[in-house]
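Asker: First the structure, which I've put down as structure tokens, then a few questions once you've had a look.
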Amino acid sequence: ARPIVAIVGRPNVGKSTLFNRIVGGRVAIVEGVPGVTRDRLYQDADWNGRKFTLVDTGGLDYREDGQIISNVRKQAELAISEADVVLFVVDAREGPTGTDGDVAAILRRTDKPVILAANKVEEFHKPNELYEFYRLGLGDPLPVSAAQGMNTGELLDEIVLNL
Ligand code: GDP
Ligand code: MG
């Protein structure tokens with residue numbers, strides 16, 4: 001079986017945009033579909049011939065606040081159990097939030113590789129905002145722009161290096 005790479009993170013950080021960027025637009029994402037199993041979207045991907053299955057965690061993101069947080073936690077637990085590599089996406093423009101901290105606390109407990117992607121970085125001359133993410137305790141944040149495709153090649157290099 002192909003190794004599994006699971007994307008986790010709180011709502012609106014750009015997980016689905018990144019998913020689409022990596023799988024190359026081969027799938028259209030229907031958001032807000034209820035139900036735990038249908039909430040997860042699997043798609044085969046490869047980078048330089050290295051094949052893996054990418055998992056997007058969506059849908060349930062769009063419920064009321066209390067529900068959102070517990071779902072993000074649940075998705076993080078699920079990612080740890082099923083994935084070979086966890087891709088944790090945060091929003092560089094907003095900085096680390098309490099929910100990011102909750103997810104990070106869960107991800108710090110696994111021995112599996114966790115890659116921290118700081119999304120929505122379209123201006124590389126402003127690196128200061130990235131420093132805040134070191135407090136999540138997951139190593140270096142990798143700046144990317146899923147929307148613009150900036151640095152996503154470097155992110156994929158990092159992913160396949162950890163497969
Ligand atoms: P998800 O809830 O984590 O799956 O986030 P989405 O992929 O649905 O994106 C949430 C919002 O962030 C949308 O309005 C996207 O257009 C926007 N977005 C995603 N990636 C980027 C990015 O790299 N840069 C900017 N500026 N906006 C982005
Ligand atoms: Mg999504």
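Letters A, B, ... go to the chains of the structure tokens in the order shown; residues in each chain start at 1; ligands are counted from 1 in the same order.
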Would you list the residues that come within 10 Å of ligand 1? Count only C-alpha atoms and all ligand atoms and give the answer as number ranges by chain.
Answerer: A: 7-21, 29, 31, 56-62, 89-93, 118-122, 143-150, 152
Asker: So that I can see what lies close to Asp140 in chain A, please list as number ranges by chain the residues with an atom at most 12 Å from it, counting only C-alpha atoms and leaving out residues fewer than 4 positions away in the same chain.
Answerer: A: 88, 114-118, 130-136, 155, 158
Asker: Any chance you can output those residues with all heavy atoms as a short mmCIF file (atom, residue, chain, number, x, y, z; two decimals), in the first residue's frame?
Answerer:
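Result file part.cif:
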```cif
data_model
loop_
_atom_site.label_atom_id
_atom_site.label_comp_id
_atom_site.auth_asym_id
_atom_site.auth_seq_id
_atom_site.Cartn_x
_atom_site.Cartn_y
_atom_site.Cartn_z
N PHE A 88 0.85 19.41 9.06
CA PHE A 88 0.09 20.32 9.92
C PHE A 88 0.15 21.72 9.29
O PHE A 88 1.23 22.31 9.16
CB PHE A 88 0.71 20.30 11.32
CG PHE A 88 0.06 21.21 12.32
CD1 PHE A 88 -1.29 21.58 12.24
CD2 PHE A 88 0.80 21.70 13.39
CE1 PHE A 88 -1.87 22.40 13.19
CE2 PHE A 88 0.23 22.53 14.35
CZ PHE A 88 -1.11 22.88 14.24
N VAL A 114 6.14 14.98 11.61
CA VAL A 114 5.14 16.04 11.47
C VAL A 114 5.80 17.20 10.75
O VAL A 114 6.84 17.70 11.19
CB VAL A 114 4.61 16.49 12.85
CG1 VAL A 114 3.64 17.66 12.68
CG2 VAL A 114 3.94 15.35 13.59
N ILE A 115 5.21 17.60 9.65
CA ILE A 115 5.73 18.74 8.89
C ILE A 115 4.82 19.93 9.13
O ILE A 115 3.60 19.83 8.98
CB ILE A 115 5.80 18.40 7.39
CG1 ILE A 115 6.79 17.25 7.16
CG2 ILE A 115 6.21 19.63 6.58
CD1 ILE A 115 6.73 16.67 5.77
N LEU A 116 5.42 21.04 9.54
CA LEU A 116 4.65 22.24 9.85
C LEU A 116 4.72 23.22 8.67
O LEU A 116 5.79 23.76 8.37
CB LEU A 116 5.23 22.88 11.12
CG LEU A 116 4.63 24.20 11.59
CD1 LEU A 116 3.15 24.06 11.92
CD2 LEU A 116 5.40 24.72 12.81
N ALA A 117 3.59 23.40 8.01
CA ALA A 117 3.53 24.31 6.87
C ALA A 117 2.80 25.59 7.26
O ALA A 117 1.66 25.54 7.71
CB ALA A 117 2.83 23.63 5.69
N ALA A 118 3.48 26.72 7.13
CA ALA A 118 2.86 28.02 7.41
C ALA A 118 2.35 28.59 6.10
O ALA A 118 3.12 29.07 5.27
CB ALA A 118 3.87 28.95 8.07
N LEU A 130 6.87 34.19 10.98
CA LEU A 130 7.10 32.75 11.10
C LEU A 130 7.66 32.36 12.46
O LEU A 130 7.44 31.26 12.94
CB LEU A 130 8.05 32.27 10.00
CG LEU A 130 7.48 32.27 8.59
CD1 LEU A 130 8.54 31.77 7.62
CD2 LEU A 130 6.23 31.41 8.49
N TYR A 131 8.40 33.27 13.09
CA TYR A 131 9.05 32.94 14.36
C TYR A 131 8.07 32.49 15.43
O TYR A 131 8.38 31.64 16.25
CB TYR A 131 9.88 34.13 14.87
CG TYR A 131 11.27 34.11 14.31
CD1 TYR A 131 11.58 34.82 13.17
CD2 TYR A 131 12.26 33.33 14.91
CE1 TYR A 131 12.85 34.78 12.62
CE2 TYR A 131 13.54 33.28 14.38
CZ TYR A 131 13.83 34.01 13.24
OH TYR A 131 15.08 33.96 12.70
N GLU A 132 6.90 33.08 15.43
CA GLU A 132 5.89 32.73 16.44
C GLU A 132 5.54 31.24 16.44
O GLU A 132 5.14 30.70 17.46
CB GLU A 132 4.59 33.51 16.18
CG GLU A 132 4.71 35.01 16.21
CD GLU A 132 3.38 35.64 15.89
OE1 GLU A 132 2.45 35.49 16.71
OE2 GLU A 132 3.25 36.25 14.81
N PHE A 133 5.70 30.60 15.28
CA PHE A 133 5.29 29.21 15.17
C PHE A 133 6.27 28.23 15.82
O PHE A 133 5.94 27.07 16.02
CB PHE A 133 5.03 28.83 13.71
CG PHE A 133 3.81 29.50 13.14
CD1 PHE A 133 3.94 30.56 12.26
CD2 PHE A 133 2.55 29.10 13.53
CE1 PHE A 133 2.81 31.19 11.74
CE2 PHE A 133 1.41 29.73 13.03
CZ PHE A 133 1.54 30.78 12.13
N TYR A 134 7.47 28.71 16.16
CA TYR A 134 8.41 27.84 16.87
C TYR A 134 7.86 27.41 18.21
O TYR A 134 8.18 26.36 18.73
CB TYR A 134 9.77 28.52 17.03
CG TYR A 134 10.60 28.45 15.76
CD1 TYR A 134 10.60 29.50 14.85
CD2 TYR A 134 11.34 27.31 15.47
CE1 TYR A 134 11.34 29.43 13.68
CE2 TYR A 134 12.09 27.23 14.30
CZ TYR A 134 12.08 28.30 13.41
OH TYR A 134 12.80 28.22 12.26
N ARG A 135 6.97 28.24 18.79
CA ARG A 135 6.42 27.90 20.10
C ARG A 135 5.48 26.69 20.06
O ARG A 135 5.11 26.14 21.09
CB ARG A 135 5.70 29.12 20.70
CG ARG A 135 4.28 29.34 20.24
CD ARG A 135 3.54 30.31 21.15
NE ARG A 135 3.98 31.68 20.94
CZ ARG A 135 3.15 32.67 20.55
NH1 ARG A 135 1.88 32.43 20.37
NH2 ARG A 135 3.61 33.88 20.35
N LEU A 136 5.11 26.26 18.86
CA LEU A 136 4.28 25.05 18.74
C LEU A 136 5.12 23.79 19.03
O LEU A 136 4.57 22.70 19.19
CB LEU A 136 3.65 24.96 17.35
CG LEU A 136 2.64 26.06 17.00
CD1 LEU A 136 2.14 25.88 15.56
CD2 LEU A 136 1.46 26.05 17.97
N LEU A 155 7.97 21.91 -0.05
CA LEU A 155 7.13 21.16 0.89
C LEU A 155 7.02 19.70 0.46
O LEU A 155 7.15 18.78 1.28
CB LEU A 155 5.74 21.80 0.98
CG LEU A 155 4.74 21.08 1.88
CD1 LEU A 155 5.20 21.06 3.32
CD2 LEU A 155 3.36 21.75 1.79
N GLU A 158 10.12 17.79 1.22
CA GLU A 158 10.15 17.47 2.65
C GLU A 158 9.23 16.28 2.96
O GLU A 158 9.57 15.40 3.76
CB GLU A 158 9.72 18.71 3.44
CG GLU A 158 9.90 18.63 4.93
CD GLU A 158 11.36 18.61 5.37
OE1 GLU A 158 12.23 19.01 4.56
OE2 GLU A 158 11.61 18.18 6.50
#
```
Asker: Please provide the set of residues having any atom within 12 Å of Val86 in chain A, restricted to only C-alpha atoms, with same-chain residues fewer than 3 positions apart removed, written as a PyMOL selection string.
Answerer: chain A and resi 3-9+53-57+75-83+89+103-104+106-108+110-117+138+158-160+162-163
Asker: Using DSSP on the backbone coordinates, identify all residues within range 35-148 of chain A classified as helix (DSSP H, G or I); present the result as a PyMOL selection string.
Answerer: chain A and resi 59-62+65-82+98-107+128-136
Asker: Report the distance between CA of Leu87 in chain A and CA of Lys51 in chain A in Å, rounded to one decimal place.
Answerer: 15.9 Å
Asker: Hey, what does DSSP flag as strand (DSSP E) within chain A? Can you give it to me as a PyMOL selection string?
Answerer: chain A and resi 4-8+40-47+50-57+85-91+114-119+142-143
Asker: Those same residues - C-alpha atoms - I'd like them written as a CSV table (one decimal), in the first residue's frame.
Answerer:
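New file part09.csv:
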```csv
chain,number,residue,atom,x,y,z
A,4,ILE,CA,-0.4,8.0,3.7
A,5,VAL,CA,0.1,11.7,4.2
A,6,ALA,CA,-2.6,13.4,6.2
A,7,ILE,CA,-3.3,17.1,6.2
A,8,VAL,CA,-4.5,18.5,9.5
A,40,ARG,CA,-12.2,12.7,4.7
A,41,LEU,CA,-11.0,12.8,1.2
A,42,TYR,CA,-8.3,10.5,-0.2
A,43,GLN,CA,-6.4,11.0,-3.4
A,44,ASP,CA,-3.3,9.4,-4.9
A,45,ALA,CA,-0.4,11.8,-5.6
A,46,ASP,CA,3.2,11.5,-6.5
A,47,TRP,CA,6.3,13.7,-6.5
A,50,ARG,CA,7.5,8.9,-5.2
A,51,LYS,CA,3.9,7.8,-4.7
A,52,PHE,CA,1.6,8.4,-1.7
A,53,THR,CA,-2.0,8.9,-0.7
A,54,LEU,CA,-2.9,12.4,0.5
A,55,VAL,CA,-5.8,12.8,2.9
A,56,ASP,CA,-7.7,16.1,3.3
A,57,THR,CA,-9.8,16.7,6.4
A,85,VAL,CA,3.5,11.6,7.7
A,86,VAL,CA,1.3,14.3,9.2
A,87,LEU,CA,1.2,17.7,7.4
A,88,PHE,CA,0.1,20.3,9.9
A,89,VAL,CA,-1.1,23.5,8.2
A,90,VAL,CA,-1.2,26.9,10.0
A,91,ASP,CA,-2.1,30.4,8.8
A,114,VAL,CA,5.1,16.0,11.5
A,115,ILE,CA,5.7,18.7,8.9
A,116,LEU,CA,4.7,22.2,9.9
A,117,ALA,CA,3.5,24.3,6.9
A,118,ALA,CA,2.9,28.0,7.4
A,119,ASN,CA,0.4,28.8,4.6
A,142,LEU,CA,8.0,25.9,6.2
A,143,PRO,CA,6.5,29.0,4.5
```
Asker: One decimal, Å: what's the distance from CA of Thr99 in chain A over to CA of Gly137 in chain A, could you say?
Answerer: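 It comes out at 14.2 Å.
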Asker: Which one is closest to ligand 2: A:Ala105, A:Ala1, A:Val72, A:Leu161? Count only C-alpha atoms and all ligand atoms.
Answerer: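 Checking each of A:Ala105, A:Ala1, A:Val72, A:Leu161 against ligand 2, counting only C-alpha atoms and all ligand atoms, the winner is A:Val72.
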